[in-house]
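Participant: Dropping in protein_36.csv, with CSV, C-alpha atoms and all ligand atoms.
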```csv
chain,number,residue,atom,x,y,z
A,11,MET,CA,91.1,-45.8,-63.2
A,12,LYS,CA,90.9,-48.1,-66.2
A,13,PHE,CA,88.3,-47.2,-68.8
A,14,SER,CA,86.8,-49.6,-71.3
A,15,GLN,CA,87.1,-48.6,-75.0
A,16,GLU,CA,83.3,-48.5,-75.1
A,17,THR,CA,83.2,-45.9,-72.3
A,18,LEU,CA,86.0,-43.8,-74.0
A,19,LEU,CA,84.2,-43.8,-77.3
A,20,ARG,CA,80.9,-42.9,-75.7
A,21,LEU,CA,82.5,-39.9,-73.9
A,22,TYR,CA,84.0,-38.8,-77.2
A,23,TYR,CA,80.8,-39.2,-79.1
A,24,ASP,CA,78.8,-37.3,-76.6
A,25,MET,CA,81.3,-34.4,-76.5
A,26,PHE,CA,81.5,-34.3,-80.3
A,27,ARG,CA,77.7,-34.3,-80.6
A,28,ILE,CA,77.4,-31.4,-78.3
A,29,ARG,CA,80.2,-29.5,-80.1
A,30,LYS,CA,78.7,-30.1,-83.5
A,31,THR,CA,75.3,-29.0,-82.3
A,32,GLN,CA,76.7,-25.8,-80.9
A,33,LEU,CA,78.6,-25.1,-84.2
A,34,ARG,CA,75.4,-25.6,-86.2
A,35,ILE,CA,73.4,-23.3,-84.0
A,36,GLU,CA,76.2,-20.7,-84.2
A,37,SER,CA,76.4,-20.9,-88.0
A,38,LEU,CA,72.6,-20.4,-88.5
A,39,TYR,CA,72.0,-17.8,-85.7
A,40,HIS,CA,72.5,-14.9,-88.1
A,41,LEU,CA,69.3,-15.9,-90.0
A,42,ASP,CA,67.4,-14.7,-86.9
A,43,GLU,CA,65.0,-17.7,-87.0
A,44,MET,CA,66.0,-18.7,-83.5
A,45,LYS,CA,64.2,-16.1,-81.5
A,46,THR,CA,66.2,-16.6,-78.4
A,47,PRO,CA,69.5,-15.4,-76.9
A,48,ILE,CA,72.1,-18.1,-77.0
A,49,HIS,CA,75.0,-18.8,-74.7
A,50,LEU,CA,77.3,-21.4,-76.3
A,51,CYS,CA,79.2,-23.9,-74.2
A,52,ILE,CA,81.9,-24.5,-76.8
A,53,GLY,CA,85.1,-25.5,-74.9
A,54,GLN,CA,83.1,-26.7,-71.9
A,55,GLU,CA,81.7,-30.0,-73.3
A,56,ALA,CA,84.0,-32.2,-71.1
A,57,ILE,CA,82.3,-31.0,-67.9
A,58,ALA,CA,78.7,-31.8,-68.9
A,59,VAL,CA,79.7,-35.1,-70.4
A,60,GLY,CA,82.2,-36.2,-67.7
A,61,VAL,CA,79.7,-35.5,-65.0
A,62,CYS,CA,76.5,-36.8,-66.6
A,63,ALA,CA,78.2,-40.1,-67.7
A,64,ASN,CA,78.0,-41.0,-63.9
A,65,LEU,CA,74.3,-40.3,-63.6
A,66,ASN,CA,71.2,-42.3,-64.4
A,67,LYS,CA,67.8,-41.2,-65.6
A,68,TYR,CA,66.5,-40.8,-62.0
A,69,ASP,CA,69.3,-38.4,-60.9
A,70,TYR,CA,68.5,-34.7,-61.1
A,71,ILE,CA,70.4,-31.9,-62.7
A,72,SER,CA,69.9,-28.2,-62.5
A,73,SER,CA,71.5,-26.1,-65.2
A,74,SER,CA,72.2,-22.5,-66.1
A,75,HIS,CA,71.7,-20.1,-69.1
A,76,ARG,CA,74.7,-21.9,-70.7
A,77,GLY,CA,72.9,-25.2,-70.7
A,78,HIS,CA,72.8,-26.9,-74.1
A,79,GLY,CA,75.6,-29.3,-73.1
A,80,HIS,CA,74.0,-30.2,-69.8
A,81,TYR,CA,70.7,-30.9,-71.5
A,82,LEU,CA,72.2,-33.2,-74.2
A,83,ALA,CA,74.6,-34.9,-71.8
A,84,LYS,CA,71.7,-35.8,-69.5
A,85,GLY,CA,69.8,-37.4,-72.3
A,86,GLY,CA,67.7,-34.5,-73.6
A,87,ASP,CA,66.2,-34.9,-77.0
A,88,LEU,CA,68.1,-33.0,-79.7
A,89,LYS,CA,65.0,-32.3,-81.7
A,90,LYS,CA,63.2,-30.8,-78.7
A,91,LEU,CA,66.3,-28.7,-78.0
A,92,ILE,CA,66.4,-27.1,-81.5
A,93,ALA,CA,62.6,-26.7,-81.5
A,94,GLU,CA,62.9,-24.8,-78.3
A,95,LEU,CA,65.5,-22.5,-79.8
A,96,TYR,CA,63.0,-21.9,-82.6
A,97,CYS,CA,60.3,-21.3,-79.9
A,98,ARG,CA,58.1,-24.0,-81.3
A,99,GLU,CA,55.3,-25.9,-79.6
A,100,THR,CA,57.4,-29.1,-79.9
A,101,GLY,CA,60.3,-27.6,-78.0
A,102,CYS,CA,61.3,-29.1,-74.6
A,103,SER,CA,59.6,-26.1,-72.9
A,104,LYS,CA,56.8,-26.0,-75.4
A,105,GLY,CA,58.4,-23.0,-77.1
A,106,HIS,CA,57.8,-20.8,-74.0
A,107,GLY,CA,61.3,-20.9,-72.6
A,108,GLY,CA,64.0,-20.5,-75.3
A,109,SER,CA,67.6,-21.4,-74.9
A,110,MET,CA,68.0,-20.4,-71.3
A,111,HIS,CA,65.0,-22.3,-70.0
A,112,LEU,CA,65.5,-25.9,-71.1
A,113,VAL,CA,63.7,-28.6,-69.1
A,114,ASP,CA,62.8,-32.3,-69.3
A,115,THR,CA,61.8,-33.7,-66.0
A,116,SER,CA,61.3,-37.1,-67.6
A,117,ILE,CA,65.0,-37.6,-67.8
A,118,GLY,CA,65.9,-35.8,-64.5
A,119,HIS,CA,66.7,-32.4,-66.2
A,120,MET,CA,64.9,-30.2,-63.7
A,121,GLY,CA,65.4,-27.0,-65.6
A,122,SER,CA,67.9,-24.4,-66.5
A,123,SER,CA,67.6,-20.8,-65.2
A,124,SER,CA,68.5,-17.4,-66.6
A,125,ILE,CA,68.8,-16.2,-63.0
A,126,VAL,CA,72.5,-16.5,-62.4
A,127,GLY,CA,72.9,-18.9,-59.4
A,128,GLY,CA,69.2,-19.7,-59.6
A,129,GLY,CA,69.8,-23.5,-59.8
A,130,ILE,CA,71.9,-23.6,-56.7
A,131,PRO,CA,69.2,-23.3,-54.1
A,132,THR,CA,66.6,-25.3,-56.1
A,133,GLY,CA,69.2,-28.1,-56.8
A,134,THR,CA,69.9,-28.1,-53.1
A,135,GLY,CA,66.2,-28.3,-52.4
A,136,MET,CA,65.9,-31.3,-54.7
A,137,ALA,CA,68.6,-33.0,-52.7
A,138,LEU,CA,66.6,-32.3,-49.5
A,139,ALA,CA,63.6,-33.9,-51.2
A,140,ILE,CA,65.7,-37.0,-52.1
A,141,HIS,CA,67.0,-37.2,-48.5
A,142,MET,CA,63.5,-36.9,-47.0
A,143,LYS,CA,62.0,-39.5,-49.4
A,144,LYS,CA,65.0,-41.7,-48.8
A,145,GLN,CA,65.6,-42.1,-52.5
A,146,ASN,CA,68.9,-43.5,-53.9
A,147,CYS,CA,69.6,-40.6,-56.3
A,148,VAL,CA,71.6,-37.5,-56.4
A,149,SER,CA,71.1,-33.8,-57.4
A,150,VAL,CA,73.8,-32.1,-59.5
A,151,VAL,CA,74.0,-28.4,-59.8
A,152,PHE,CA,76.0,-26.8,-62.7
A,153,PHE,CA,76.9,-23.2,-62.3
A,154,GLY,CA,79.6,-20.7,-63.4
A,155,ASP,CA,82.1,-18.4,-61.6
A,156,GLY,CA,79.6,-15.5,-61.8
A,157,ALA,CA,77.1,-17.6,-59.9
A,158,ALA,CA,79.7,-18.4,-57.4
A,159,ASP,CA,79.8,-14.6,-56.6
A,160,GLU,CA,76.3,-15.0,-55.2
A,161,GLY,CA,75.8,-15.4,-51.4
A,162,VAL,CA,73.2,-18.1,-52.0
A,163,LEU,CA,76.0,-20.6,-52.9
A,164,TYR,CA,77.4,-20.4,-49.4
A,165,GLU,CA,74.0,-20.6,-47.7
A,166,SER,CA,73.2,-23.6,-49.8
A,167,ILE,CA,76.5,-25.4,-49.1
A,168,ASN,CA,76.1,-24.8,-45.4
A,169,PHE,CA,72.6,-26.2,-45.4
A,170,ALA,CA,73.8,-29.2,-47.5
A,171,ILE,CA,76.6,-29.9,-45.1
A,172,ILE,CA,74.4,-29.7,-42.0
A,173,LYS,CA,71.7,-32.0,-43.6
A,174,LYS,CA,74.3,-34.2,-45.3
A,175,LEU,CA,72.4,-33.8,-48.6
A,176,PRO,CA,73.2,-35.9,-51.8
A,177,VAL,CA,74.1,-32.8,-53.8
A,178,ILE,CA,77.1,-32.2,-56.1
A,179,TYR,CA,78.0,-28.7,-56.9
A,180,ILE,CA,79.8,-28.5,-60.3
A,181,TYR,CA,81.5,-25.1,-60.4
A,182,GLU,CA,82.4,-24.4,-64.1
A,183,ASN,CA,85.1,-21.8,-63.7
A,184,ASN,CA,85.3,-20.5,-67.3
A,185,GLN,CA,87.0,-17.4,-65.9
A,186,PHE,CA,84.4,-14.8,-66.9
A,187,SER,CA,81.2,-13.4,-65.9
A,188,VAL,CA,80.2,-11.6,-69.1
A,189,CYS,CA,83.4,-9.5,-69.6
A,190,SER,CA,84.6,-9.5,-66.0
A,191,ARG,CA,87.5,-11.8,-65.1
A,192,VAL,CA,87.1,-14.0,-62.1
A,193,SER,CA,90.4,-12.7,-60.7
A,194,ALA,CA,88.9,-9.2,-60.6
A,195,ARG,CA,85.9,-10.4,-58.6
A,196,GLN,CA,87.1,-13.1,-56.3
A,197,ALA,CA,90.1,-13.1,-53.9
A,198,GLY,CA,92.4,-15.8,-55.2
A,199,GLU,CA,90.9,-19.3,-54.8
A,200,VAL,CA,88.6,-18.1,-52.1
A,201,VAL,CA,85.5,-19.7,-53.5
A,202,PHE,CA,87.1,-23.1,-53.4
A,203,HIS,CA,88.6,-22.7,-49.9
A,204,ALA,CA,85.5,-21.1,-48.4
A,205,VAL,CA,83.5,-24.2,-49.0
A,206,ALA,CA,85.1,-26.0,-46.1
A,207,PRO,CA,86.9,-29.0,-47.5
A,208,GLU,CA,87.0,-30.6,-44.0
A,209,TYR,CA,83.2,-30.9,-44.2
A,210,MET,CA,82.7,-32.1,-47.7
A,211,PHE,CA,84.5,-33.7,-50.6
A,212,THR,CA,86.2,-31.0,-52.7
A,213,LYS,CA,88.3,-31.3,-55.8
A,214,THR,CA,89.7,-29.0,-58.5
A,215,VAL,CA,90.1,-30.6,-61.9
A,216,ASP,CA,91.1,-29.7,-65.4
A,217,GLY,CA,87.6,-29.1,-66.9
A,218,ASN,CA,89.0,-29.6,-70.4
A,219,THR,CA,90.0,-33.2,-69.6
A,220,VAL,CA,86.9,-35.4,-69.7
A,221,LEU,CA,88.5,-38.3,-67.8
A,222,GLU,CA,89.5,-36.0,-64.9
A,223,VAL,CA,86.0,-34.6,-64.6
A,224,TYR,CA,84.6,-38.1,-64.9
A,225,GLU,CA,86.7,-39.5,-62.1
A,226,ALA,CA,86.0,-36.6,-59.7
A,227,ALA,CA,82.3,-36.8,-60.4
A,228,ARG,CA,82.3,-40.5,-59.9
A,229,GLU,CA,83.7,-40.2,-56.5
A,230,ALA,CA,81.3,-37.4,-55.6
A,231,VAL,CA,78.3,-39.4,-56.9
A,232,LEU,CA,79.3,-42.6,-55.0
A,233,ARG,CA,79.7,-40.5,-51.8
A,234,ALA,CA,76.3,-38.9,-52.3
A,235,ARG,CA,74.6,-42.3,-52.9
A,236,ASN,CA,76.3,-43.7,-49.8
A,237,GLY,CA,74.9,-41.0,-47.6
A,238,GLN,CA,78.2,-39.2,-47.2
A,239,GLY,CA,76.8,-35.8,-48.1
A,240,PRO,CA,77.6,-33.0,-50.5
A,241,SER,CA,80.6,-32.4,-52.8
A,242,PHE,CA,82.1,-29.5,-54.6
A,243,ILE,CA,84.1,-29.9,-57.8
A,244,GLU,CA,85.8,-27.0,-59.4
A,245,CYS,CA,86.3,-27.5,-63.2
A,246,LYS,CA,88.8,-25.1,-64.5
A,247,THR,CA,88.0,-24.2,-68.1
A,248,TYR,CA,87.6,-21.2,-70.4
A,249,ARG,CA,84.8,-19.6,-72.4
A,250,VAL,CA,86.2,-19.4,-75.9
A,251,ARG,CA,83.2,-17.7,-77.5
A,252,GLY,CA,81.7,-14.4,-76.5
A,253,HIS,CA,79.3,-14.3,-73.5
A,254,ALA,CA,76.2,-14.5,-75.7
A,255,GLY,CA,75.4,-14.8,-79.4
A,256,ALA,CA,77.5,-16.3,-82.1
A,257,GLY,CA,81.2,-15.9,-82.8
A,258,SER,CA,84.3,-14.5,-81.2
A,259,ASP,CA,84.3,-11.3,-79.1
A,260,ALA,CA,88.1,-10.8,-79.2
A,261,LYS,CA,87.6,-7.3,-80.6
A,262,LEU,CA,85.9,-6.1,-77.4
A,263,GLY,CA,89.3,-5.8,-75.9
A,264,TYR,CA,88.9,-7.4,-72.4
A,265,ARG,CA,91.0,-10.4,-73.4
A,266,SER,CA,93.6,-11.0,-76.1
A,267,ALA,CA,93.3,-13.1,-79.2
A,268,GLU,CA,96.4,-15.0,-78.0
A,269,GLU,CA,94.7,-16.0,-74.8
A,270,ILE,CA,91.7,-17.3,-76.7
A,271,GLY,CA,94.0,-19.1,-79.1
A,272,PHE,CA,95.9,-20.7,-76.2
A,273,TRP,CA,92.6,-22.2,-74.8
A,274,GLU,CA,91.4,-23.2,-78.3
A,275,SER,CA,94.6,-25.3,-78.5
A,276,LYS,CA,93.4,-27.1,-75.3
A,277,CYS,CA,90.0,-28.0,-76.9
A,278,PRO,CA,88.5,-30.8,-74.9
A,279,VAL,CA,87.1,-32.6,-77.9
A,280,THR,CA,90.1,-32.4,-80.3
A,281,VAL,CA,92.7,-33.2,-77.6
A,282,PHE,CA,90.7,-36.2,-76.4
A,283,CYS,CA,90.3,-37.4,-80.0
A,284,GLU,CA,94.0,-37.1,-80.7
A,285,GLU,CA,94.7,-39.2,-77.6
A,286,LEU,CA,92.3,-41.9,-78.7
A,287,LEU,CA,93.9,-42.0,-82.2
A,288,LYS,CA,97.4,-42.2,-80.7
A,289,LYS,CA,96.3,-45.1,-78.5
A,290,GLY,CA,94.7,-46.9,-81.5
A,291,LEU,CA,91.3,-46.8,-79.8
A,292,ILE,CA,89.6,-45.0,-82.7
A,293,THR,CA,90.3,-44.8,-86.5
A,294,GLN,CA,89.8,-41.9,-88.9
A,295,ASN,CA,87.0,-43.9,-90.6
A,296,GLU,CA,85.2,-44.3,-87.3
A,297,ILE,CA,85.5,-40.6,-86.6
A,298,GLN,CA,84.0,-39.9,-90.1
A,299,ASP,CA,81.2,-42.3,-89.4
A,300,MET,CA,80.4,-40.7,-86.1
A,301,GLU,CA,80.5,-37.2,-87.7
A,302,GLN,CA,78.1,-38.4,-90.5
A,303,ASP,CA,75.6,-39.8,-87.9
A,304,ILE,CA,75.7,-36.6,-85.9
A,305,ASP,CA,75.3,-34.3,-88.9
A,306,LEU,CA,72.3,-36.3,-90.0
A,307,GLU,CA,70.7,-36.1,-86.6
A,308,ILE,CA,71.3,-32.4,-86.5
A,309,ASP,CA,69.9,-31.9,-90.0
A,310,GLU,CA,66.8,-33.7,-88.9
A,311,ALA,CA,66.5,-31.8,-85.7
A,312,PHE,CA,66.6,-28.4,-87.5
A,313,ARG,CA,64.1,-29.7,-90.1
A,314,PHE,CA,61.8,-30.8,-87.3
A,315,ALA,CA,62.1,-27.4,-85.6
A,316,GLN,CA,61.5,-25.4,-88.7
A,317,GLU,CA,58.4,-27.4,-89.7
A,318,SER,CA,56.9,-27.4,-86.2
A,319,PRO,CA,54.0,-25.0,-85.3
A,320,LEU,CA,54.5,-22.0,-83.1
A,321,PRO,CA,52.8,-22.1,-79.6
A,322,LYS,CA,49.2,-21.0,-79.7
A,323,GLY,CA,48.4,-17.6,-78.3
A,324,GLU,CA,45.7,-18.9,-76.0
A,325,HIS,CA,48.3,-21.1,-74.2
A,326,ILE,CA,50.4,-18.1,-73.2
A,327,LEU,CA,49.4,-18.4,-69.5
A,328,GLN,CA,49.6,-22.2,-69.4
A,329,TYR,CA,52.6,-23.8,-67.6
A,330,LEU,CA,53.2,-20.7,-65.4
A,331,PHE,CA,52.3,-22.6,-62.2
A,332,SER,CA,52.6,-26.2,-61.2
A,333,GLU,CA,50.5,-27.8,-58.5
B,401,LIG,C1,70.9,-12.8,-60.6
B,401,LIG,C2,71.4,-12.3,-62.0
B,401,LIG,N1,72.4,-11.4,-62.0
B,401,LIG,C3,72.9,-11.0,-63.1
B,401,LIG,C4,72.5,-11.5,-64.3
B,401,LIG,C5,73.1,-11.1,-65.7
B,401,LIG,N2,74.0,-12.1,-66.2
B,401,LIG,C6,73.6,-13.0,-67.1
B,401,LIG,S1,74.7,-14.1,-67.4
B,401,LIG,C7,75.8,-13.4,-66.4
B,401,LIG,C8,77.2,-14.0,-66.2
B,401,LIG,C9,77.2,-15.3,-65.5
B,401,LIG,O1,78.5,-15.8,-65.4
B,401,LIG,P1,78.8,-17.2,-65.0
B,401,LIG,O2,77.9,-17.6,-63.8
B,401,LIG,O3,80.3,-17.3,-64.7
B,401,LIG,O4,78.3,-18.1,-66.2
B,401,LIG,P2,78.9,-18.1,-67.7
B,401,LIG,O5,78.2,-17.1,-68.4
B,401,LIG,O6,80.4,-17.8,-67.6
B,401,LIG,O7,78.7,-19.5,-68.1
B,401,LIG,C10,75.3,-12.3,-65.8
B,401,LIG,C11,76.0,-11.5,-64.8
B,401,LIG,C12,71.5,-12.5,-64.3
B,401,LIG,N3,71.0,-13.1,-65.4
B,401,LIG,N4,71.0,-12.9,-63.1
```
Show me this structure written as structure tokens.

Facilitator:
Amino acid sequence: MKFSQETLLRLYYDMFRIRKTQLRIESLYHLDEMKTPIHLCIGQEAIAVGVCANLNKYDYISSSHRGHGHYLAKGGDLKKLIAELYCRETGCSKGHGGSMHLVDTSIGHMGSSSIVGGGIPTGTGMALAIHMKKQNCVSVVFFGDGAADEGVLYESINFAIIKKLPVIYIYENNQFSVCSRVSARQAGEVVFHAVAPEYMFTKTVDGNTVLEVYEAAREAVLRARNGQGPSFIECKTYRVRGHAGAGSDAKLGYRSAEEIGFWESKCPVTVFCEELLKKGLITQNEIQDMEQDIDLEIDEAFRFAQESPLPKGEHILQYLFSE
């Protein structure tokens, strides 16, 4: 597939913006001003960006505890993201949710969940709603390999196949559920094969290569819009940071510093940038300009969050139920 320079630069910008946001959150986390656990998606930016670049505002996504990238890639407001991490009234969940419970239904972000696998049945349900209302949109579910250990994935896929639902399962195989390696929990590639490729579009891609993710997602989205039912895309990647919080966890001993280093050398943002430079599609000056813009936007988002009020105590029970 041929990509325009504009598309390539947009994909790069979006990944770079997510990366820089993650790094800023990480660098300030020790101040303990962000009263929320954080799960950084450093190294997984190509998946959020490659998939969401195929979606429009009216398409739905469901996300997980590691959801900063999904939120920004779907068009979520950076200020509201940071304000949510600061648990402020101006946050995207009005300061009630924190990092694991981001939501903005106005842009089709239907929520992230701290319940591992929680987005799988709800995202499938959204696809059922789309199908029943005969809407021309799709529902995308992002989930990790730990979530793929849950039986609800197979129940949901079976239901989606039977009902031919416009749902796309994006399996972010970053190889770990906390400290437990996927190979210790799943028999070979069983997750991928068990989802019945003869009944749905399935593909495994390099999750660190944004164009591979983009192309697979494009095909899946087209199929869903054309009434051809669900898809399952496995994006192979790696969680370079610790499961939660800031910094490396190499000293915990469940994986080697060499292994982490190997995956850092496959960084989706840097490698893509080098390719663009080599092809003459971007210049060092343009990269610097982008970086400056992003830094300013992040500065402003943090200032906004720090200056925003905390939620009011009397609102604690608000937003618990929706009619
Ligand atoms: C139903 C449920 N079981 C267990 C947990 C504890 N838990 C939180 S995150 C996590 C790991 C999830 O791994 P994965 O789905 O691969 O996502 P990743 O953290 O790698 O992005 C676990 C087991 C939980 N939050 N919910």

Participant: What's around Ile180 of chain A at 12 Å? Count all atoms listed in the file, leave out sequence neighbours fewer than 5 positions away in its own chain, and write the answer as a PyMOL selection string.

Facilitator: chain A and resi 57-58+60-62+71-74+80+127+129-130+133+149-155+157-158+163+202+211-215+217+223-224+226-227+230-231+240-246

Participant: Let me see if you get this right: every residue at most 10 Å from ligand LIG 401 (chain B), counting only C-alpha atoms and all ligand atoms, written as a ChimeraX atom specification.

Facilitator: /A:49-51,54,74-77,110,123-128,152-160,181-192,247-249,252-254

Participant: Hey, what's within 10 Å of Glu43 of chain A if we count only C-alpha atoms and toss same-chain stuff fewer than 3 positions away? As an NGL selection string, please?

Facilitator: :A and (38-40 or 46 or 95-97 or 316)

Participant: Quick one: residues within 8 Å of His141 of chain A, only C-alpha atoms counted, chain neighbours fewer than 3 positions away excluded, as JSON, numbers by chain?

Facilitator: {"A": [137, 138, 144, 145, 175, 176]}

Participant: What is the atom CA of Ala315 of chain A-atom CA of Lys67 of chain A distance in Å, reported with one decimal?

Facilitator: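 Computing the Euclidean distance for atom CA of Ala315 of chain A and atom CA of Lys67 of chain A yields 25.0 Å.
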
Participant: What is the atom CA of Leu82 of chain A to atom CA of Thr31 of chain A distance in Å?

Facilitator: 9.6 Å

Participant: Take atom CA of Leu320 of chain A and atom CA of Glu99 of chain A and report the distance between them in Å, one decimal.

Facilitator: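 Taking atom CA of Leu320 of chain A and atom CA of Glu99 of chain A, their separation equals 5.3 Å.
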
Participant: Applying 9 Å and all atoms listed in the file, which residues near Pro321 of chain A remain after dropping the ones on its own chain fewer than 5 positions away? List them as an MDAnalysis selection string.

Facilitator: chainID A and resid 97:100 104:106 326

Participant: Name all residues at most 7 Å from Ala311 of chain A (count only C-alpha atoms; drop same-chain ones fewer than 2 positions away) and give them as a PyMOL selection string.

Facilitator: chain A and resi 88-89+92+307-309+313-315

Participant: From the list A:Asp69, A:Glu208, A:Leu221, A:Gln32, which residue is nearest Val281 of chain A when using all atoms listed in the file?

Facilitator: A:Leu221

Participant: Given the choices A:Gly118, A:Gly290, A:Gly237, A:Gly198, which gets closest to Ala170 of chain A if the distance is worked out from all atoms listed in the file?

Facilitator: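 Ranked by minimum distance to Ala170 of chain A, first place goes to A:Gly237.
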
Participant: Measuring between all atoms listed in the file, which one of A:Ala267, A:Leu65, A:Ile52, A:Ala93 shows the shortest distance to Leu232 of chain A?

Facilitator: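 Smallest separation from Leu232 of chain A among the options: A:Leu65.
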
Participant: Restricting the calculation to all atoms listed in the file, which member of A:Tyr179, A:Val148, A:Ser103, A:Met120 is positioned closest to Gln328 of chain A?

Facilitator: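 Using all atoms listed in the file, the shortest distance to Gln328 of chain A belongs to A:Ser103.
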